[in-house]
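Peer 1: PDB, C-alpha atoms and all ligand atoms, saved as start08.pdb, coming up:
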MODEL        1
ATOM      1  CA  MET A  14     -15.323  16.818  13.606
ATOM      2  CA  ASN A  15     -18.559  18.432  14.801
ATOM      3  CA  HIS A  16     -19.694  18.502  18.387
ATOM      4  CA  ASP A  17     -23.065  17.084  19.248
ATOM      5  CA  PRO A  18     -25.475  19.874  20.314
ATOM      6  CA  CYS A  19     -25.035  21.104  23.897
ATOM      7  CA  LEU A  20     -26.649  18.640  26.338
ATOM      8  CA  THR A  21     -27.931  21.512  28.501
ATOM      9  CA  CYS A  22     -29.391  23.990  25.995
ATOM     10  CA  ASN A  23     -29.213  22.141  22.670
ATOM     11  CA  THR A  24     -27.149  24.887  21.022
ATOM     12  CA  VAL A  25     -25.014  23.722  18.092
ATOM     13  CA  ASN A  26     -21.484  25.001  18.728
ATOM     14  CA  PRO A  27     -18.632  25.658  16.263
ATOM     15  CA  ASP A  28     -15.830  23.166  15.644
ATOM     16  CA  GLY A  29     -13.092  23.305  18.242
ATOM     17  CA  ALA A  30     -15.238  24.912  20.951
ATOM     18  CA  ASN A  31     -14.573  23.541  24.452
ATOM     19  CA  PHE A  32     -17.514  25.258  26.133
ATOM     20  CA  CYS A  33     -21.037  26.045  24.929
ATOM     21  CA  MET A  34     -21.265  29.570  23.450
ATOM     22  CA  GLN A  35     -24.801  29.930  24.853
ATOM     23  CA  CYS A  36     -24.685  28.528  28.390
ATOM     24  CA  GLY A  37     -21.031  27.784  29.118
ATOM     25  CA  THR A  38     -21.458  24.061  29.729
ATOM     26  CA  LYS A  39     -18.289  22.058  29.046
ATOM     27  CA  LEU A  40     -18.786  20.230  25.746
ATOM     28  CA  PRO A  41     -17.924  16.549  25.373
ATOM     29  CA  VAL A  42     -14.689  15.856  23.454
ATOM     30  CA  PRO A  43     -15.695  14.633  20.004
ATOM     31  CA  VAL A  44     -14.579  11.095  19.206
ATOM     32  CA  VAL A  45     -12.969  10.548  15.803
ATOM     33  CA  ASP A  46     -14.707   7.689  14.020
ATOM     34  CA  LEU A  47     -12.157   5.462  12.259
ATOM     35  CA  SER A  48     -14.647   2.678  11.537
ATOM     36  CA  LYS A  49     -14.791   3.577   7.822
ATOM     37  CA  ILE A  50     -10.992   3.692   7.538
ATOM     38  CA  PRO A  51      -9.580   0.289   6.516
ATOM     39  CA  ASP A  52      -7.497  -1.423   9.226
ATOM     40  CA  LYS A  53      -4.188  -0.993   7.384
ATOM     41  CA  TYR A  54      -4.526   2.791   7.435
ATOM     42  CA  ARG A  55      -5.475   3.241  11.086
ATOM     43  CA  HIS A  56      -1.858   3.204  12.246
ATOM     44  CA  PRO A  57       1.150   5.000  10.760
ATOM     45  CA  PHE A  58       3.336   1.887  10.978
ATOM     46  CA  GLY A  59       3.090  -0.552   8.112
ATOM     47  CA  PHE A  60       4.475  -1.885   4.861
ATOM     48  CA  TRP A  61       4.115   0.861   2.287
ATOM     49  CA  GLU A  62       4.490   1.224  -1.451
ATOM     50  CA  VAL A  63       5.456   4.851  -1.974
ATOM     51  CA  THR A  64       4.924   6.911  -5.122
ATOM     52  CA  ARG A  65       4.862  10.580  -5.984
ATOM     53  CA  PRO A  66       3.918  12.580  -9.081
ATOM     54  CA  ALA A  67       6.743  12.331 -11.639
ATOM     55  CA  ASP A  68       6.088  15.842 -12.951
ATOM     56  CA  CYS A  69       4.313  18.968 -11.753
ATOM     57  CA  GLU A  70       1.226  18.165 -13.846
ATOM     58  CA  GLY A  71       0.890  14.860 -12.015
ATOM     59  CA  ARG A  72       0.360  12.930 -15.235
ATOM     60  CA  SER A  73       2.509  10.012 -14.207
ATOM     61  CA  LEU A  74       3.745   8.480 -10.979
ATOM     62  CA  LEU A  75       7.276   7.786  -9.884
ATOM     63  CA  TYR A  76       7.689   4.614  -7.835
ATOM     64  CA  LEU A  77      10.041   5.301  -4.935
ATOM     65  CA  GLY A  78      10.110   1.901  -3.284
ATOM     66  CA  THR A  79       8.369  -0.339  -0.789
ATOM     67  CA  TYR A  80       9.317   0.251   2.823
ATOM     68  CA  GLU A  81       8.370  -0.984   6.255
ATOM     69  CA  GLY A  82       8.111   1.656   8.960
ATOM     70  CA  TYR A  83       6.331   4.805  10.070
ATOM     71  CA  VAL A  84       4.897   6.993   7.310
ATOM     72  CA  ASP A  85       6.382  10.143   8.829
ATOM     73  CA  TYR A  86       9.878   8.614   9.049
ATOM     74  CA  ILE A  87       9.778   7.176   5.525
ATOM     75  CA  ALA A  88       8.462  10.432   4.039
ATOM     76  CA  ARG A  89      11.142  12.415   5.851
ATOM     77  CA  ARG A  90      13.923  10.183   4.533
ATOM     78  CA  LEU A  91      12.580  10.205   0.974
ATOM     79  CA  ALA A  92      12.086  13.990   1.000
ATOM     80  CA  SER A  93      15.654  14.387   2.302
ATOM     81  CA  ALA A  94      16.867  12.840  -0.962
ATOM     82  CA  GLU A  95      14.907  15.389  -2.969
ATOM     83  CA  PRO A  96      15.665  18.836  -1.545
ATOM     84  CA  GLY A  97      13.461  21.532  -3.020
ATOM     85  CA  GLY A  98      10.857  19.076  -4.200
ATOM     86  CA  TYR A  99       7.245  19.831  -3.307
ATOM     87  CA  TYR A 100       5.528  16.530  -3.659
ATOM     88  CA  ALA A 101       2.729  14.694  -1.923
ATOM     89  CA  TYR A 102       4.090  11.244  -1.263
ATOM     90  CA  SER A 103       1.423   8.596  -1.694
ATOM     91  CA  PHE A 104       1.493   5.615   0.671
ATOM     92  CA  ARG A 105      -0.342   2.441  -0.326
ATOM     93  CA  ALA A 106      -0.507  -0.343   2.250
ATOM     94  CA  VAL A 107       0.772  -3.584   0.718
ATOM     95  CA  PRO A 108       0.794  -7.082   2.230
ATOM     96  CA  LYS A 109       3.947  -8.474   3.764
ATOM     97  CA  LEU A 110       4.976 -11.926   2.592
ATOM     98  CA  GLU A 111       4.244 -13.190   6.094
ATOM     99  CA  ASP A 112       0.606 -12.125   5.574
ATOM    100  CA  ILE A 113       0.207 -14.394   2.520
ATOM    101  CA  PRO A 114      -0.474 -18.003   3.542
ATOM    102  CA  PRO A 115       1.870 -20.442   1.750
ATOM    103  CA  ASN A 116       0.451 -22.956  -0.708
ATOM    104  CA  SER A 117       2.469 -26.180  -0.530
ATOM    105  CA  ASP A 118       0.626 -27.522  -3.614
ATOM    106  CA  LEU A 119       2.197 -24.846  -5.814
ATOM    107  CA  LYS A 120       4.737 -26.628  -8.042
ATOM    108  CA  GLU A 121       6.183 -23.874 -10.204
ATOM    109  CA  VAL A 122       6.031 -20.169 -10.953
ATOM    110  CA  GLU A 123       7.116 -17.963 -13.853
ATOM    111  CA  VAL A 124       9.199 -14.914 -13.112
ATOM    112  CA  ALA A 125      11.156 -12.251 -14.970
ATOM    113  CA  PHE A 126      13.717  -9.732 -13.885
ATOM    114  CA  ALA A 127      13.049  -6.116 -14.853
ATOM    115  CA  MET A 128      14.259  -5.075 -18.297
ATOM    116  CA  GLU A 129      17.242  -3.267 -16.780
ATOM    117  CA  SER A 130      18.586  -6.713 -15.790
ATOM    118  CA  ARG A 131      19.584  -7.186 -19.458
ATOM    119  CA  THR A 132      18.295 -10.766 -19.291
ATOM    120  CA  TRP A 133      15.540  -9.893 -21.772
ATOM    121  CA  GLU A 134      17.405  -9.647 -25.041
ATOM    122  CA  ARG A 135      18.852 -13.121 -24.680
ATOM    123  CA  THR A 136      17.334 -16.228 -26.202
ATOM    124  CA  SER A 137      15.188 -18.357 -23.917
ATOM    125  CA  GLY A 138      17.934 -21.001 -23.639
ATOM    126  CA  ALA A 139      20.590 -18.432 -22.785
ATOM    127  CA  ARG A 140      18.232 -16.799 -20.285
ATOM    128  CA  VAL A 141      17.675 -20.161 -18.569
ATOM    129  CA  ALA A 142      21.460 -20.655 -18.345
ATOM    130  CA  VAL A 143      21.869 -17.192 -16.788
ATOM    131  CA  ALA A 144      19.031 -17.884 -14.344
ATOM    132  CA  GLU A 145      20.562 -21.246 -13.422
ATOM    133  CA  ALA A 146      23.761 -19.433 -12.474
ATOM    134  CA  ILE A 147      21.857 -16.767 -10.507
ATOM    135  CA  PHE A 148      19.686 -19.292  -8.643
ATOM    136  CA  GLN A 149      22.550 -21.641  -7.866
ATOM    137  CA  GLY A 150      22.023 -22.968  -4.338
ATOM    138  CA  ARG A 151      18.294 -22.199  -4.299
ATOM    139  CA  PRO A 152      15.872 -25.182  -4.094
ATOM    140  CA  VAL A 153      14.516 -24.561  -7.602
ATOM    141  CA  GLN A 154      15.003 -25.943 -11.089
ATOM    142  CA  VAL A 155      15.095 -23.320 -13.871
ATOM    143  CA  LEU A 156      13.069 -24.120 -17.004
ATOM    144  CA  PRO A 157      12.169 -22.151 -20.137
ATOM    145  CA  SER A 158       9.022 -20.014 -20.145
ATOM    146  CA  PRO A 159       6.868 -19.048 -23.132
ATOM    147  CA  HIS A 160       6.477 -15.532 -21.711
ATOM    148  CA  THR A 161       8.652 -12.636 -22.858
ATOM    149  CA  GLY A 162      11.769 -12.173 -20.776
ATOM    150  CA  SER A 163      10.674 -14.865 -18.341
ATOM    151  CA  PHE A 164      11.779 -18.205 -17.019
ATOM    152  CA  LYS A 165      10.084 -20.864 -14.964
ATOM    153  CA  LEU A 166      11.107 -21.821 -11.424
ATOM    154  CA  LYS A 167      10.099 -25.355 -10.495
ATOM    155  CA  PHE A 168      10.203 -25.904  -6.755
ATOM    156  CA  ARG A 169      12.239 -28.762  -5.385
ATOM    157  CA  ARG A 170      10.834 -30.445  -2.324
ATOM    158  CA  LEU A 171      12.484 -28.871   0.686
ATOM    159  CA  VAL A 172      14.279 -31.394   2.874
ATOM    160  CA  ARG A 173      13.487 -30.663   6.503
TER     161      ARG A 173
HETATM  162 ZN    ZN B   1     -25.369  25.106  26.128
ENDMDL
END
Reformat the file's structure so that it appears as structure tokens.
Ligand SMILES: [Zn+2]
Peer 2:
Amino acid sequence: MNHDPCLTCNTVNPDGANFCMQCGTKLPVPVVDLSKIPDKYRHPFGFWEVTRPADCEGRSLLYLGTYEGYVDYIARRLASAEPGGYYAYSFRAVPKLEDIPPNSDLKEVEVAFAMESRTWERTSGARVAVAEAIFQGRPVQVLPSPHTGSFKLKFRRLVR
């Protein structure tokens, strides 16, 4: 962050100088301009999706999770699980659910569990039966989906 030239003698001074090299006038403290930094990145507290390079060549990324908190705290905890690792942890600000306005007109949505759930290799009918058991007690009806590994959740009207 460069100083403006000295107000007294117009000398341009090096970064970090507190007093003018030429005339000794106290230099104004430079103000860091954050106006070009998006809002979500102006504070270390947030909701962060964290990744790091999966290998030393950085050809692929390893997803480490999505966490709410201070970047320094999250990075410290994640690095503690990987002693000896020299990684740059990448923090991407993601919206919290509370930030997404609800749409009461939405009637249904299609979802899938990750492949590791072992719900994928089943037939659609068997997958619906499994999902019905999993979503028991939730205000949704489970229906088949044409998408691979997926099922449809139809929202029941919530009784208030
Ligand atoms: Zn000066």
Peer 1: Give me the residues near Leu166 (chain A) as a list of chain:residue names, where near means some atom within 6 Å (using all atoms listed in the file) and where sequence neighbours in that chain fewer than 3 positions away do not count.
Peer 2: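 The residues that qualify are A:Glu121, A:Val122, A:Val153, A:Gln154, A:Val155.
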Peer 1: Counting all atoms listed in the file, what residues are within 12 Å of ligand ZN 1 (chain B), given as a list in words?
Peer 2: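 The residues near ligand ZN 1 (chain B) are His16, Asp17, Pro18, Cys19, Leu20, Thr21, Cys22, Asn23, Thr24, Val25, Asn26, Pro27, Ala30, Asn31, Phe32, Cys33, Met34, Gln35, Cys36, Gly37, Thr38, Lys39, Leu40 and Pro41 of chain A.
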Peer 1: How would you write, as a list in words, the residues chosen by the PyMOL selection byres (((chain A and resi 56-71) around 7) and not hetatm) on this structure?
Peer 2: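 The output of the PyMOL selection byres (((chain A and resi 56-71) around 7) and not hetatm) on this file is Lys53, Tyr54, Arg55, Arg72, Ser73, Leu74, Leu75, Tyr76, Leu77, Gly78, Thr79, Tyr80, Glu81, Gly82, Tyr83, Val84, Tyr100, Ala101, Tyr102, Ser103, Phe104, Arg105, Ala106, Val107, Pro108 and Lys109 of chain A.
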Peer 1: What would the selection look like, as number ranges by chain, if the PyMOL selection byres (((chain A and resi 157) around 12) and not hetatm) were run on the coordinates I just shared?
Peer 2: A: 121-125, 136-145, 154-156, 158-167
Peer 1: Counting only C-alpha atoms, figure out which residue out of A:Ala127, A:Leu119, A:Ile113, A:Leu91 gets nearest to Arg170 (chain A).
Peer 2: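 For Arg170 (chain A), the nearest of the candidates is A:Leu119.
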Peer 1: Just give me the gap between CA of Ser117 (chain A) and CA of Thr132 (chain A) in Å, one decimal is fine.
Peer 2: 29.0 Å
Peer 1: Provide the CA of Ser130 (chain A) to CA of Ala146 (chain A) distance in Å, to one decimal place.
Peer 2: 14.1 Å
Peer 1: In Å, how far is it from CA of Gly150 (chain A) to CA of Met128 (chain A)?
Peer 2: 24.0 Å
Peer 1: Between A:Pro152, A:Ala92, A:Gly98, A:Phe168, which is the closest to Asn116 (chain A) once you count only C-alpha atoms?
Peer 2: A:Phe168
Peer 1: Go through A:Phe126, A:Tyr86, A:Asp52, A:Val44 one by one, measure the shortest atom-to-atom distance of each to Ile147 (chain A) using only C-alpha atoms, and give the residue with the smallest value.
Peer 2: A:Phe126
Peer 1: Provide region 132-148 of chain A rebuilt to N, CA and C atoms, formatted as a short mmCIF file (atom, residue, chain, number, x, y, z; two decimals), in the frame of the given file.
Peer 2:
data_model
loop_
_atom_site.label_atom_id
_atom_site.label_comp_id
_atom_site.auth_asym_id
_atom_site.auth_seq_id
_atom_site.Cartn_x
_atom_site.Cartn_y
_atom_site.Cartn_z
N THR A 132 18.53 -9.34 -19.03
CA THR A 132 18.30 -10.77 -19.29
C THR A 132 17.24 -10.92 -20.39
N TRP A 133 16.66 -9.81 -20.83
CA TRP A 133 15.54 -9.89 -21.77
C TRP A 133 15.96 -10.16 -23.20
N GLU A 134 17.07 -9.56 -23.62
CA GLU A 134 17.40 -9.65 -25.04
C GLU A 134 18.05 -10.98 -25.40
N ARG A 135 18.25 -11.82 -24.40
CA ARG A 135 18.85 -13.12 -24.68
C ARG A 135 17.79 -14.09 -25.18
N THR A 136 18.27 -15.17 -25.81
CA THR A 136 17.33 -16.23 -26.20
C THR A 136 16.85 -16.93 -24.94
N SER A 137 15.76 -17.65 -25.07
CA SER A 137 15.19 -18.36 -23.92
C SER A 137 16.21 -19.31 -23.30
N GLY A 138 16.94 -20.05 -24.15
CA GLY A 138 17.93 -21.00 -23.64
C GLY A 138 19.06 -20.31 -22.90
N ALA A 139 19.52 -19.18 -23.44
CA ALA A 139 20.59 -18.43 -22.78
C ALA A 139 20.08 -17.82 -21.49
N ARG A 140 18.83 -17.39 -21.49
CA ARG A 140 18.23 -16.80 -20.28
C ARG A 140 18.13 -17.84 -19.17
N VAL A 141 17.75 -19.07 -19.56
CA VAL A 141 17.68 -20.16 -18.57
C VAL A 141 19.06 -20.41 -17.98
N ALA A 142 20.10 -20.41 -18.84
CA ALA A 142 21.46 -20.66 -18.34
C ALA A 142 21.88 -19.56 -17.36
N VAL A 143 21.54 -18.31 -17.68
CA VAL A 143 21.87 -17.19 -16.79
C VAL A 143 21.13 -17.36 -15.46
N ALA A 144 19.83 -17.71 -15.56
CA ALA A 144 19.03 -17.88 -14.34
C ALA A 144 19.54 -19.05 -13.51
N GLU A 145 19.99 -20.11 -14.17
CA GLU A 145 20.56 -21.25 -13.42
C GLU A 145 21.77 -20.80 -12.61
N ALA A 146 22.58 -19.94 -13.20
CA ALA A 146 23.76 -19.43 -12.47
C ALA A 146 23.33 -18.54 -11.31
N ILE A 147 22.32 -17.70 -11.55
CA ILE A 147 21.86 -16.77 -10.51
C ILE A 147 21.21 -17.52 -9.35
N PHE A 148 20.44 -18.57 -9.68
CA PHE A 148 19.69 -19.29 -8.64
C PHE A 148 20.44 -20.51 -8.10
#
